[in-house]
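*Asks:* Take a look at model.pdb, PDB, C-alpha atoms:
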ATOM      1  CA  MET A  79       0.000   0.000   0.000
ATOM      2  CA  LYS A  80       1.383   3.368  -1.015
ATOM      3  CA  ASP A  81       1.169   6.512   1.188
ATOM      4  CA  ASP A  82      -0.632   9.447  -0.588
ATOM      5  CA  ASP A  83       1.932  11.956   0.784
ATOM      6  CA  GLU A  84       4.792  10.128  -0.912
ATOM      7  CA  THR A  85       5.720  11.629  -4.321
ATOM      8  CA  THR A  86       5.772   9.321  -7.291
ATOM      9  CA  PRO A  87       8.663   9.572  -9.842
ATOM     10  CA  GLU A  88       6.238  11.142 -12.281
ATOM     11  CA  GLU A  89       5.205  13.801  -9.775
ATOM     12  CA  GLN A  90       8.865  14.401  -9.015
ATOM     13  CA  ARG A  91       9.640  14.990 -12.756
ATOM     14  CA  GLU A  92       6.680  17.324 -13.081
ATOM     15  CA  ALA A  93       7.797  19.318 -10.061
ATOM     16  CA  GLU A  94      11.318  19.676 -11.452
ATOM     17  CA  ALA A  95       9.950  20.768 -14.842
ATOM     18  CA  LEU A  96       7.793  23.307 -13.039
ATOM     19  CA  VAL A  97      10.834  24.740 -11.244
ATOM     20  CA  ARG A  98      12.691  25.052 -14.544
ATOM     21  CA  ALA A  99       9.691  26.761 -16.122
ATOM     22  CA  LEU A 100       9.485  29.257 -13.280
ATOM     23  CA  GLU A 101      13.193  29.986 -13.455
ATOM     24  CA  ARG A 102      13.459  30.422 -17.286
ATOM     25  CA  ASP A 103       9.912  31.470 -18.264
ATOM     26  CA  HIS A 104       9.668  28.749 -20.820
ATOM     27  CA  ALA A 105       8.416  25.226 -20.580
ATOM     28  CA  ALA A 106      10.086  21.979 -21.512
ATOM     29  CA  ALA A 107       8.294  19.795 -24.044
ATOM     30  CA  ASP A 108       7.451  17.151 -21.474
ATOM     31  CA  LEU A 109       5.756  19.558 -19.031
ATOM     32  CA  PRO A 110       2.046  18.715 -18.645
ATOM     33  CA  GLU A 111      -0.330  21.443 -19.653
ATOM     34  CA  ASP A 112      -1.967  21.769 -16.214
ATOM     35  CA  ALA A 113       1.450  22.132 -14.543
ATOM     36  CA  LEU A 114       2.411  24.787 -17.101
ATOM     37  CA  GLU A 115      -0.726  26.790 -16.393
ATOM     38  CA  ALA A 116      -0.051  26.546 -12.673
ATOM     39  CA  ALA A 117       3.533  27.729 -13.200
ATOM     40  CA  ALA A 118       2.390  30.665 -15.315
ATOM     41  CA  LEU A 119      -0.144  31.743 -12.711
ATOM     42  CA  LEU A 120       2.367  31.495  -9.893
ATOM     43  CA  GLN A 121       4.985  33.418 -11.865
ATOM     44  CA  TYR A 122       2.550  36.139 -12.831
ATOM     45  CA  SER A 123       1.163  36.513  -9.298
ATOM     46  CA  ARG A 124       4.720  36.876  -7.945
ATOM     47  CA  ASP A 125       6.114  39.669 -10.166
ATOM     48  CA  GLY A 126       3.478  40.532 -12.786
ATOM     49  CA  GLY A 127       5.574  38.703 -15.468
ATOM     50  CA  ALA A 128       8.569  41.017 -15.189
ATOM     51  CA  LEU A 129      12.152  39.692 -15.318
ATOM     52  CA  ASP A 130      14.804  41.055 -12.995
ATOM     53  CA  PRO A 131      17.767  42.674 -14.875
ATOM     54  CA  ALA A 132      20.308  39.954 -13.906
ATOM     55  CA  ARG A 133      18.000  37.243 -15.189
ATOM     56  CA  LYS A 134      17.362  39.179 -18.379
ATOM     57  CA  ARG A 135      21.150  39.524 -18.925
ATOM     58  CA  ALA A 136      21.750  35.794 -18.359
ATOM     59  CA  ILE A 137      19.044  34.815 -20.840
ATOM     60  CA  TRP A 138      20.410  37.300 -23.410
ATOM     61  CA  ASP A 139      23.927  35.878 -22.979
ATOM     62  CA  ASP A 140      22.580  32.383 -23.623
ATOM     63  CA  VAL A 141      20.811  33.574 -26.754
ATOM     64  CA  GLU A 142      23.920  35.351 -28.047
ATOM     65  CA  LYS A 143      26.074  32.265 -27.465
ATOM     66  CA  SER A 144      23.774  29.935 -29.341
ATOM     67  CA  ALA A 145      23.016  32.341 -32.208
ATOM     68  CA  LYS A 146      24.958  32.056 -35.477
ATOM     69  CA  ALA A 147      27.177  34.945 -36.681
ATOM     70  CA  PRO A 148      25.169  37.293 -38.896
ATOM     71  CA  ALA A 149      25.675  36.615 -42.603
ATOM     72  CA  ARG A 150      26.125  40.345 -43.295
ATOM     73  CA  GLU A 151      29.430  40.417 -41.379
ATOM     74  CA  ALA A 152      30.911  37.534 -43.406
ATOM     75  CA  ARG A 153      30.345  39.139 -46.804
ATOM     76  CA  PRO A 154      33.009  41.892 -46.783
ATOM     77  CA  ALA A 155      35.682  39.412 -45.648
ATOM     78  CA  ARG A 156      34.857  37.089 -48.550
ATOM     79  CA  ILE A 157      35.004  39.939 -51.064
ATOM     80  CA  TRP A 158      38.448  41.065 -49.873
ATOM     81  CA  ARG A 159      39.745  37.516 -49.921
ATOM     82  CA  TRP A 160      39.093  37.402 -53.688
ATOM     83  CA  LEU A 161      39.651  41.039 -54.543
ATOM     84  CA  VAL A 162      43.295  41.344 -53.442
ATOM     85  CA  PRO A 163      44.737  38.258 -55.207
ATOM     86  CA  GLY A 164      42.456  38.929 -58.167
ATOM     87  CA  PHE A 165      43.845  42.435 -58.504
ATOM     88  CA  VAL A 166      47.456  41.211 -58.217
ATOM     89  CA  THR A 167      46.853  38.496 -60.842
ATOM     90  CA  ALA A 168      45.189  40.947 -63.226
ATOM     91  CA  ALA A 169      48.080  43.420 -62.834
ATOM     92  CA  ALA A 170      50.625  40.684 -63.542
ATOM     93  CA  ALA A 171      48.663  39.483 -66.587
ATOM     94  CA  ILE A 172      48.551  43.036 -67.985
ATOM     95  CA  ALA A 173      52.318  43.401 -67.420
ATOM     96  CA  LEU A 174      52.873  40.113 -69.233
ATOM     97  CA  LEU A 175      50.691  41.131 -72.180
ATOM     98  CA  VAL A 176      52.560  44.409 -72.489
ATOM     99  CA  LEU A 177      56.014  42.805 -72.310
ATOM    100  CA  TRP A 178      55.322  39.642 -74.332
ATOM    101  CA  PRO A 179      55.552  41.260 -77.792
ATOM    102  CA  TRP A 180      59.110  42.394 -76.963
ATOM    103  CA  ARG A 181      60.233  38.841 -76.334
ATOM    104  CA  GLY A 182      63.107  37.869 -78.581
ATOM    105  CA  GLY A 183      62.444  37.663 -82.306
ATOM    106  CA  GLU A 184      58.719  37.214 -81.755
ATOM    107  CA  ARG A 185      58.283  40.948 -81.670
ATOM    108  CA  GLY A 186      60.013  41.521 -84.989
ATOM    109  CA  ALA A 187      57.388  42.957 -87.265
ATOM    110  CA  VAL A 188      60.175  44.602 -89.271
ATOM    111  CA  ALA A 189      61.441  42.500 -92.181
ATOM    112  CA  LEU A 190      65.105  42.489 -93.125
ATOM    113  CA  PRO A 191      65.951  44.727 -96.090
ATOM    114  CA  ALA A 192      65.911  43.036 -99.465
ATOM    115  CA  PRO A 193      69.371  42.341-100.900
ATOM    116  CA  PRO A 194      69.940  44.789-103.768
ATOM    117  CA  ALA A 195      70.185  43.340-107.280
ATOM    118  CA  GLU A 196      73.815  44.614-107.459
ATOM    119  CA  LEU A 197      74.723  42.441-104.492
ATOM    120  CA  ILE A 198      73.153  39.355-106.075
ATOM    121  CA  ASP A 199      75.005  40.144-109.316
ATOM    122  CA  ALA A 200      78.286  40.456-107.420
ATOM    123  CA  GLN A 201      77.620  37.083-105.776
ATOM    124  CA  SER A 202      76.991  35.455-109.156
ATOM    125  CA  GLU A 203      80.239  36.956-110.490
ATOM    126  CA  ALA A 204      82.215  35.857-107.428
ATOM    127  CA  ALA A 205      80.825  32.325-107.861
ATOM    128  CA  THR A 206      82.908  32.067-111.029
ATOM    129  CA  GLY A 207      86.049  32.238-108.892
ATOM    130  CA  SER A 208      87.142  35.707-110.019
ATOM    131  CA  PRO A 209      89.260  37.466-107.319
ATOM    132  CA  GLU A 210      88.133  40.926-108.528
ATOM    133  CA  ALA A 211      84.500  39.887-108.301
ATOM    134  CA  PHE A 212      85.149  38.713-104.732
ATOM    135  CA  GLU A 213      86.454  42.205-103.868
ATOM    136  CA  THR A 214      83.312  43.750-105.331
ATOM    137  CA  LEU A 215      81.153  41.315-103.371
ATOM    138  CA  ALA A 216      82.931  42.270-100.128
ATOM    139  CA  ARG A 217      82.311  45.977-100.805
ATOM    140  CA  ARG A 218      78.615  45.560-101.651
ATOM    141  CA  MET A 219      78.121  43.211 -98.728
ATOM    142  CA  SER A 220      79.589  45.856 -96.435
ATOM    143  CA  ALA A 221      76.915  48.352 -97.509
ATOM    144  CA  TYR A 222      74.118  45.763 -97.165
ATOM    145  CA  ARG A 223      75.433  44.751 -93.730
ATOM    146  CA  VAL A 224      74.888  48.295 -92.439
ATOM    147  CA  GLU A 225      71.227  48.096 -93.499
ATOM    148  CA  VAL A 226      70.743  44.643 -91.955
ATOM    149  CA  TYR A 227      72.202  45.724 -88.603
ATOM    150  CA  ALA A 228      70.074  48.888 -88.585
ATOM    151  CA  THR A 229      66.976  46.697 -88.985
ATOM    152  CA  LEU A 230      68.107  44.211 -86.329
ATOM    153  CA  GLU A 231      68.874  46.989 -83.858
ATOM    154  CA  ASP A 232      65.429  48.406 -84.508
ATOM    155  CA  ARG A 233      63.881  44.954 -84.061
ATOM    156  CA  TYR A 234      65.636  44.311 -80.751
ATOM    157  CA  GLY A 235      65.042  47.763 -79.318
ATOM    158  CA  ARG A 236      68.271  49.744 -79.551
TER     159      ARG A 236
ATOM    160  CA  MET B 142      43.305  30.628 -47.685
ATOM    161  CA  THR B 143      44.113  28.000 -50.346
ATOM    162  CA  ARG B 144      42.505  30.155 -53.033
ATOM    163  CA  THR B 145      44.509  33.184 -51.917
ATOM    164  CA  PHE B 146      47.730  31.164 -52.012
ATOM    165  CA  ALA B 147      46.933  29.788 -55.493
ATOM    166  CA  ALA B 148      46.157  33.257 -56.843
ATOM    167  CA  ALA B 149      49.328  34.687 -55.294
ATOM    168  CA  THR B 150      51.378  31.858 -56.849
ATOM    169  CA  CYS B 151      49.837  32.515 -60.286
ATOM    170  CA  ALA B 152      50.613  36.200 -59.929
ATOM    171  CA  ALA B 153      54.199  35.448 -58.917
ATOM    172  CA  ILE B 154      54.657  33.142 -61.937
ATOM    173  CA  LEU B 155      53.240  35.790 -64.297
ATOM    174  CA  ILE B 156      55.464  38.499 -62.833
ATOM    175  CA  ALA B 157      58.530  36.247 -63.054
ATOM    176  CA  THR B 158      57.735  35.419 -66.700
ATOM    177  CA  ALA B 159      57.277  39.089 -67.526
ATOM    178  CA  SER B 160      60.638  39.990 -65.969
ATOM    179  CA  ALA B 161      62.309  37.085 -67.763
ATOM    180  CA  CYS B 162      60.931  38.413 -71.080
ATOM    181  CA  SER B 163      62.268  41.850 -70.301
ATOM    182  CA  SER B 164      65.670  40.402 -69.405
ATOM    183  CA  GLU B 165      65.779  38.333 -72.640
ATOM    184  CA  GLN B 166      65.043  41.503 -74.592
ATOM    185  CA  ASP B 167      68.005  43.293 -73.002
ATOM    186  CA  ASP B 168      70.329  40.345 -73.643
ATOM    187  CA  ALA B 169      69.269  40.102 -77.290
ATOM    188  CA  ALA B 170      69.758  43.821 -77.897
ATOM    189  CA  ALA B 171      73.189  43.692 -76.240
ATOM    190  CA  TRP B 172      74.203  40.693 -78.379
ATOM    191  CA  ILE B 173      73.206  42.436 -81.625
ATOM    192  CA  ALA B 174      75.049  45.576 -80.521
ATOM    193  CA  ARG B 175      78.210  43.532 -79.758
ATOM    194  CA  ALA B 176      78.106  41.939 -83.222
ATOM    195  CA  ALA B 177      77.700  45.356 -84.886
ATOM    196  CA  GLU B 178      80.597  46.697 -82.824
ATOM    197  CA  ALA B 179      82.766  43.699 -83.788
ATOM    198  CA  ASN B 180      82.155  44.473 -87.474
ATOM    199  CA  GLU B 181      83.130  48.109 -86.975
ATOM    200  CA  THR B 182      86.277  47.118 -85.055
ATOM    201  CA  ALA B 183      87.205  44.629 -87.798
ATOM    202  CA  ASP B 184      86.714  47.317 -90.489
ATOM    203  CA  ARG B 185      89.009  49.739 -88.658
ATOM    204  CA  ALA B 186      91.638  47.063 -87.912
ATOM    205  CA  ARG B 187      91.622  45.810 -91.517
ATOM    206  CA  ALA B 188      91.990  49.335 -92.843
ATOM    207  CA  ALA B 189      94.990  49.729 -90.520
ATOM    208  CA  GLY B 190      96.423  46.402 -91.684
ATOM    209  CA  ASP B 191      95.920  44.780 -88.272
ATOM    210  CA  LEU B 192      94.406  41.452 -89.356
ATOM    211  CA  GLU B 193      95.031  39.853 -85.956
ATOM    212  CA  ARG B 194      92.886  42.428 -84.183
ATOM    213  CA  ALA B 195      90.166  42.128 -86.836
ATOM    214  CA  ARG B 196      90.151  38.329 -86.434
ATOM    215  CA  ASP B 197      89.922  38.535 -82.624
ATOM    216  CA  ALA B 198      87.001  40.955 -82.750
ATOM    217  CA  LEU B 199      85.052  38.821 -85.248
ATOM    218  CA  ARG B 200      85.722  35.526 -83.453
ATOM    219  CA  ALA B 201      84.712  36.982 -80.081
ATOM    220  CA  ALA B 202      81.335  37.902 -81.573
ATOM    221  CA  ALA B 203      80.780  34.800 -83.752
ATOM    222  CA  GLU B 204      81.659  31.951 -81.436
ATOM    223  CA  PRO B 205      79.585  32.417 -78.228
ATOM    224  CA  ARG B 206      76.061  31.023 -78.235
ATOM    225  CA  PRO B 207      73.507  33.825 -78.749
ATOM    226  CA  PRO B 208      71.068  34.562 -75.899
ATOM    227  CA  ASP B 209      67.630  32.932 -75.956
ATOM    228  CA  GLY B 210      65.908  36.217 -76.769
ATOM    229  CA  VAL B 211      67.415  36.326 -80.256
ATOM    230  CA  ASP B 212      65.300  34.764 -82.994
ATOM    231  CA  THR B 213      66.954  31.616 -84.385
ATOM    232  CA  ARG B 214      67.031  32.968 -87.940
ATOM    233  CA  ASP B 215      68.462  36.324 -86.881
ATOM    234  CA  ALA B 216      71.134  34.566 -84.806
ATOM    235  CA  ARG B 217      72.109  32.408 -87.782
ATOM    236  CA  ILE B 218      72.299  35.401 -90.146
ATOM    237  CA  VAL B 219      74.466  37.442 -87.771
ATOM    238  CA  ARG B 220      76.826  34.564 -87.002
ATOM    239  CA  GLN B 221      77.082  33.402 -90.633
ATOM    240  CA  ASP B 222      78.007  36.908 -91.717
ATOM    241  CA  LEU B 223      80.712  37.047 -89.018
ATOM    242  CA  TYR B 224      82.070  33.667 -90.194
ATOM    243  CA  PHE B 225      82.016  34.890 -93.814
ATOM    244  CA  ARG B 226      84.116  37.853 -92.770
ATOM    245  CA  LEU B 227      86.538  35.565 -90.913
ATOM    246  CA  ALA B 228      86.852  33.298 -93.978
ATOM    247  CA  GLU B 229      87.432  36.372 -96.147
ATOM    248  CA  LEU B 230      90.084  37.644 -93.689
ATOM    249  CA  GLU B 231      91.983  34.335 -93.685
ATOM    250  CA  LEU B 232      92.038  34.274 -97.507
ATOM    251  CA  GLU B 233      93.507  37.769 -97.402
ATOM    252  CA  ALA B 234      96.047  36.574 -94.830
ATOM    253  CA  GLY B 235      96.994  33.663 -97.106
ATOM    254  CA  SER B 236      95.504  30.938 -94.839
ATOM    255  CA  PRO B 237      93.014  29.011 -97.011
ATOM    256  CA  GLN B 238      92.842  26.126 -94.513
ATOM    257  CA  ALA B 239      91.696  28.501 -91.744
ATOM    258  CA  SER B 240      89.338  30.141 -94.247
ATOM    259  CA  LEU B 241      87.797  26.753 -95.047
ATOM    260  CA  ARG B 242      87.311  26.045 -91.316
ATOM    261  CA  PHE B 243      85.441  29.320 -90.792
ATOM    262  CA  ALA B 244      83.294  28.767 -93.894
ATOM    263  CA  ASP B 245      82.403  25.288 -92.635
ATOM    264  CA  ALA B 246      81.626  26.633 -89.150
ATOM    265  CA  GLY B 247      79.250  29.164 -90.713
ATOM    266  CA  LEU B 248      77.495  26.598 -92.912
ATOM    267  CA  ALA B 249      77.134  24.265 -89.907
ATOM    268  CA  LEU B 250      74.755  26.830 -88.366
ATOM    269  CA  GLY B 251      72.148  26.108 -91.054
ATOM    270  CA  ARG B 252      71.345  26.888 -94.662
ATOM    271  CA  ASP B 253      68.719  28.986 -96.337
ATOM    272  CA  ASP B 254      68.198  30.650 -99.687
ATOM    273  CA  ASP B 255      69.728  33.946 -98.606
ATOM    274  CA  VAL B 256      72.832  36.023 -99.268
ATOM    275  CA  PHE B 257      74.508  34.874 -96.029
ATOM    276  CA  THR B 258      74.489  31.185 -96.964
ATOM    277  CA  ALA B 259      75.525  32.026-100.553
ATOM    278  CA  ASN B 260      78.471  34.122 -99.267
ATOM    279  CA  LEU B 261      79.760  31.183 -97.232
ATOM    280  CA  HIS B 262      79.607  28.864-100.259
ATOM    281  CA  ILE B 263      81.569  31.407-102.293
ATOM    282  CA  ALA B 264      84.185  31.805 -99.522
ATOM    283  CA  ARG B 265      84.404  28.013 -99.198
ATOM    284  CA  GLY B 266      84.837  27.682-102.977
ATOM    285  CA  ARG B 267      87.664  30.211-102.942
ATOM    286  CA  ALA B 268      89.391  28.464-100.027
ATOM    287  CA  LEU B 269      89.110  25.093-101.787
ATOM    288  CA  GLU B 270      90.492  26.606-104.997
ATOM    289  CA  ALA B 271      93.431  28.023-103.062
ATOM    290  CA  LEU B 272      94.012  24.553-101.631
ATOM    291  CA  GLY B 273      94.073  23.073-105.136
ATOM    292  CA  ARG B 274      90.672  21.379-104.850
ATOM    293  CA  GLU B 275      89.065  22.967-107.898
ATOM    294  CA  VAL B 276      86.445  20.259-108.424
ATOM    295  CA  ASP B 277      85.204  20.591-104.833
ATOM    296  CA  ALA B 278      85.211  24.367-105.265
ATOM    297  CA  THR B 279      82.832  24.176-108.234
ATOM    298  CA  VAL B 280      80.282  22.330-106.068
ATOM    299  CA  ASP B 281      80.219  25.277-103.648
ATOM    300  CA  TYR B 282      80.101  27.838-106.452
ATOM    301  CA  HIS B 283      77.190  25.945-107.948
ATOM    302  CA  GLU B 284      75.353  26.012-104.578
ATOM    303  CA  ALA B 285      75.887  29.792-104.428
ATOM    304  CA  LEU B 286      74.555  30.235-107.965
ATOM    305  CA  LYS B 287      71.430  28.193-107.162
ATOM    306  CA  ILE B 288      70.723  30.484-104.200
ATOM    307  CA  ASP B 289      71.303  33.573-106.348
ATOM    308  CA  ASP B 290      68.800  32.253-108.844
ATOM    309  CA  VAL B 291      66.182  31.972-106.058
ATOM    310  CA  LEU B 292      67.064  35.465-104.795
ATOM    311  CA  LEU B 293      66.717  36.991-108.260
ATOM    312  CA  ARG B 294      63.348  35.299-108.773
ATOM    313  CA  ARG B 295      62.167  36.618-105.400
ATOM    314  CA  THR B 296      63.157  40.187-106.215
ATOM    315  CA  LEU B 297      60.986  39.960-109.333
ATOM    316  CA  GLU B 298      57.971  38.634-107.417
ATOM    317  CA  PRO B 299      55.686  41.374-106.041
ATOM    318  CA  GLY B 300      55.317  41.388-102.227
ATOM    319  CA  ASP B 301      58.574  39.537-101.615
ATOM    320  CA  ASN B 302      61.537  41.502-100.392
ATOM    321  CA  GLY B 303      64.016  38.828-101.408
ATOM    322  CA  THR B 304      65.157  37.880 -97.908
ATOM    323  CA  GLY B 305      62.650  35.162 -97.230
ATOM    324  CA  ASP B 306      61.820  37.157 -94.087
ATOM    325  CA  THR B 307      58.034  37.463 -94.079
ATOM    326  CA  ARG B 308      57.804  39.496 -90.888
TER     327      ARG B 308
END
Hey, can you dump this file as structure tokens for me?
*Replies:*
Amino acid sequence: MKDDDETTPEEQREAEALVRALERDHAAADLPEDALEAAALLQYSRDGGALDPARKRAIWDDVEKSAKAPAREARPARIWRWLVPGFVTAAAAIALLVLWPWRGGERGAVALPAPPAELIDAQSEAATGSPEAFETLARRMSAYRVEVYATLEDRYGR
Amino acid sequence: MTRTFAAATCAAILIATASACSSEQDDAAAWIARAAEANETADRARAAGDLERARDALRAAAEPRPPDGVDTRDARIVRQDLYFRLAELELEAGSPQASLRFADAGLALGRDDDVFTANLHIARGRALEALGREVDATVDYHEALKIDDVLLRRTLEPGDNGTGDTR
């Protein structure tokens, strides 16, 4: 036979849930509806539903801790993370595009001067083995050489 | 963080490539200028009868490998012309064997239908003649004449400047 004054485990759980509800102003899911109503009445009759400042601060701290960081704060950081390296890469690519045409012979849009017909004639004469024709070839080649070097110096930027 | 590092690496590679291009340009220009200077020095030395000095100046410009920034064709033209001048100088100095060596060194750089290759064949022919190898000499003279034929045809064709350089 069980004494009526003894609390059952169920009553004990309800009482504990009631205490929690009174302390935090919100009810756990397992709190029976009649106990919740009783807690609300008791709470309201005690202080008219007002929270004391310390309690308010503690609840606010809990809320702040559990809340996620606002999305608005993350956005500027993400933009800067892309903007800086993106800017550096773009600047380097522009520098490369500007300098690339000057690379070696690739930049040479200037064709070498055509050998004059007199030079080709002198070559044909020298190819017969004539020493005089070889002298003439050397002289004409000297004049053509000046033109070729002028073009090459222009092509390579001096 | 990884994206930032990757972008920074790309930027560094691009900057390094750009500076390498700029450096190649300087090296190429300096090489061309040295070759031009060698020709001028050789002209002055030859006029003064100092064949030794002329030879040294031409060899110093012809023998080293050109920098990477110089176009392959331009490098060949410049070096073949220097070797032609060396071959010419040795014939003048009465050393056909040395002349033949320089002509061969020039032709070993490559051949094209241009005045520079033709000059080397003519110099080689003259060196061979001086060495008493007339039959071999005619082969080189014939090569030079074939090139001249191409050059003359090119000068008659509109839009071709006769160098084979289409830039």
*Asks:* If we count all atoms listed in the file and set the cut-off at 8 Å, which residues sit around stretch 197-207 of chain B, ignoring sequence neighbours fewer than 2 positions away in its own chain? Please answer as a VMD selection string.
*Replies:* chain B and resid 169 172 175 to 176 179 to 180 182 to 183 193 to 195 209 211 216 219 to 221 223 to 224 226 to 227
*Asks:* Looking at all atoms listed in the file, which of A:Ala211, A:Ala168, A:Leu119, A:Val226 is the one that sits closest to A:Pro194?
*Replies:*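 Once distances to A:Pro194 are computed over all atoms listed in the file, the minimum belongs to A:Val226.
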*Asks:* Around (74.5, 35.0, -92.7) in the file's frame, which residues reach within 9 Å when counting only C-alpha atoms? Return as a ChimeraX atom specification?
*Replies:* /B:215-225,247-248,252,255-261
*Asks:* Please, could you write that set of residues out with C-alpha atoms as a PDB file, in the frame of the given file?
*Replies:*
ATOM      1  CA  ASP B 215      68.462  36.324 -86.881  1.00  0.00           C
ATOM      2  CA  ALA B 216      71.134  34.566 -84.806  1.00  0.00           C
ATOM      3  CA  ARG B 217      72.109  32.408 -87.782  1.00  0.00           C
ATOM      4  CA  ILE B 218      72.299  35.401 -90.146  1.00  0.00           C
ATOM      5  CA  VAL B 219      74.466  37.442 -87.771  1.00  0.00           C
ATOM      6  CA  ARG B 220      76.826  34.564 -87.002  1.00  0.00           C
ATOM      7  CA  GLN B 221      77.082  33.402 -90.633  1.00  0.00           C
ATOM      8  CA  ASP B 222      78.007  36.908 -91.717  1.00  0.00           C
ATOM      9  CA  LEU B 223      80.712  37.047 -89.018  1.00  0.00           C
ATOM     10  CA  TYR B 224      82.070  33.667 -90.194  1.00  0.00           C
ATOM     11  CA  PHE B 225      82.016  34.890 -93.814  1.00  0.00           C
ATOM     12  CA  GLY B 247      79.250  29.164 -90.713  1.00  0.00           C
ATOM     13  CA  LEU B 248      77.495  26.598 -92.912  1.00  0.00           C
ATOM     14  CA  ARG B 252      71.345  26.888 -94.662  1.00  0.00           C
ATOM     15  CA  ASP B 255      69.728  33.946 -98.606  1.00  0.00           C
ATOM     16  CA  VAL B 256      72.832  36.023 -99.268  1.00  0.00           C
ATOM     17  CA  PHE B 257      74.508  34.874 -96.029  1.00  0.00           C
ATOM     18  CA  THR B 258      74.489  31.185 -96.964  1.00  0.00           C
ATOM     19  CA  ALA B 259      75.525  32.026-100.553  1.00  0.00           C
ATOM     20  CA  ASN B 260      78.471  34.122 -99.267  1.00  0.00           C
ATOM     21  CA  LEU B 261      79.760  31.183 -97.232  1.00  0.00           C
TER      22      LEU B 261
END
*Asks:* Mind working out the centre and edge lengths of an axis-aligned box for stretch 207-216 of chain A, all listed atoms inside, 8 Å added to each side, rounded to one decimal in Å and written as lines of an AutoDock Vina configuration file?
*Replies:*
center_x = 85.2
center_y = 38.0
center_z = -105.1
size_x = 24.1
size_y = 27.5
size_z = 25.9
*Asks:* By how many Å are atom CA of B:Thr279 and atom CA of B:Arg214 apart?
*Replies:* 27.2 Å
*Asks:* Name every residue that the PyMOL selection byres ((chain A and resi 203) around 12) selects in this structure, writing the answer as number ranges by chain with chains first and numbers rising.
*Replies:* A: 196-202, 204-216; B: 260, 263, 282-283, 285-286, 289
*Asks:* My list of candidates is A:Arg98, A:Arg218, A:Arg135, A:Arg91. Which is closest to chain B when distances are computed with all atoms listed in the file?
*Replies:*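 Between A:Arg98, A:Arg218, A:Arg135, A:Arg91, the residue approaching chain B most closely is A:Arg218.
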*Asks:* Could you please determine the separation between atom CA of B:Leu250 and atom CA of B:Ala228 in Å, to one decimal place?
*Replies:*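 Separation between atom CA of B:Leu250 and atom CA of B:Ala228: 14.8 Å.
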*Asks:* Quick one: distance from atom CA of B:His262 to atom CA of B:Asp281 in Å, one decimal?
*Replies:*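 Atom CA of B:Asp281 lies at a distance of 5.0 Å from atom CA of B:His262.
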*Asks:* Might you spell out which residues the PyMOL selection byres ((chain A and resi 225) around 12) would select in the displayed file, as a short mmCIF file (atom, residue, chain, number, x, y, z; two decimals) with C-alpha atoms, in the coordinates of the input?
*Replies:*
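Saved as out31.cif:
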data_model
loop_
_atom_site.label_atom_id
_atom_site.label_comp_id
_atom_site.auth_asym_id
_atom_site.auth_seq_id
_atom_site.Cartn_x
_atom_site.Cartn_y
_atom_site.Cartn_z
CA ALA A 189 61.44 42.50 -92.18
CA LEU A 190 65.10 42.49 -93.12
CA PRO A 191 65.95 44.73 -96.09
CA ALA A 192 65.91 43.04 -99.46
CA PRO A 193 69.37 42.34 -100.90
CA PRO A 194 69.94 44.79 -103.77
CA ARG A 218 78.61 45.56 -101.65
CA MET A 219 78.12 43.21 -98.73
CA SER A 220 79.59 45.86 -96.44
CA ALA A 221 76.92 48.35 -97.51
CA TYR A 222 74.12 45.76 -97.16
CA ARG A 223 75.43 44.75 -93.73
CA VAL A 224 74.89 48.30 -92.44
CA VAL A 226 70.74 44.64 -91.96
CA TYR A 227 72.20 45.72 -88.60
CA ALA A 228 70.07 48.89 -88.58
CA THR A 229 66.98 46.70 -88.98
CA LEU A 230 68.11 44.21 -86.33
CA GLU A 231 68.87 46.99 -83.86
CA ASP A 232 65.43 48.41 -84.51
CA ALA B 177 77.70 45.36 -84.89
#
*Asks:* Of the candidates A:Ala93, A:Ala173, A:Leu161, A:Ala132, which shows the shortest atom-to-atom distance to chain B, using all atoms listed in the file?
*Replies:*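 Of A:Ala93, A:Ala173, A:Leu161, A:Ala132, the one nearest chain B is A:Ala173, counting all atoms listed in the file.
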*Asks:* Counting all atoms listed in the file, figure out which residue out of B:Thr296, B:Ala249, B:Ile288, B:Ala234 gets nearest to B:Gly190.
*Replies:*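 Answer, going by the shortest atom-to-atom distance: B:Ala234.
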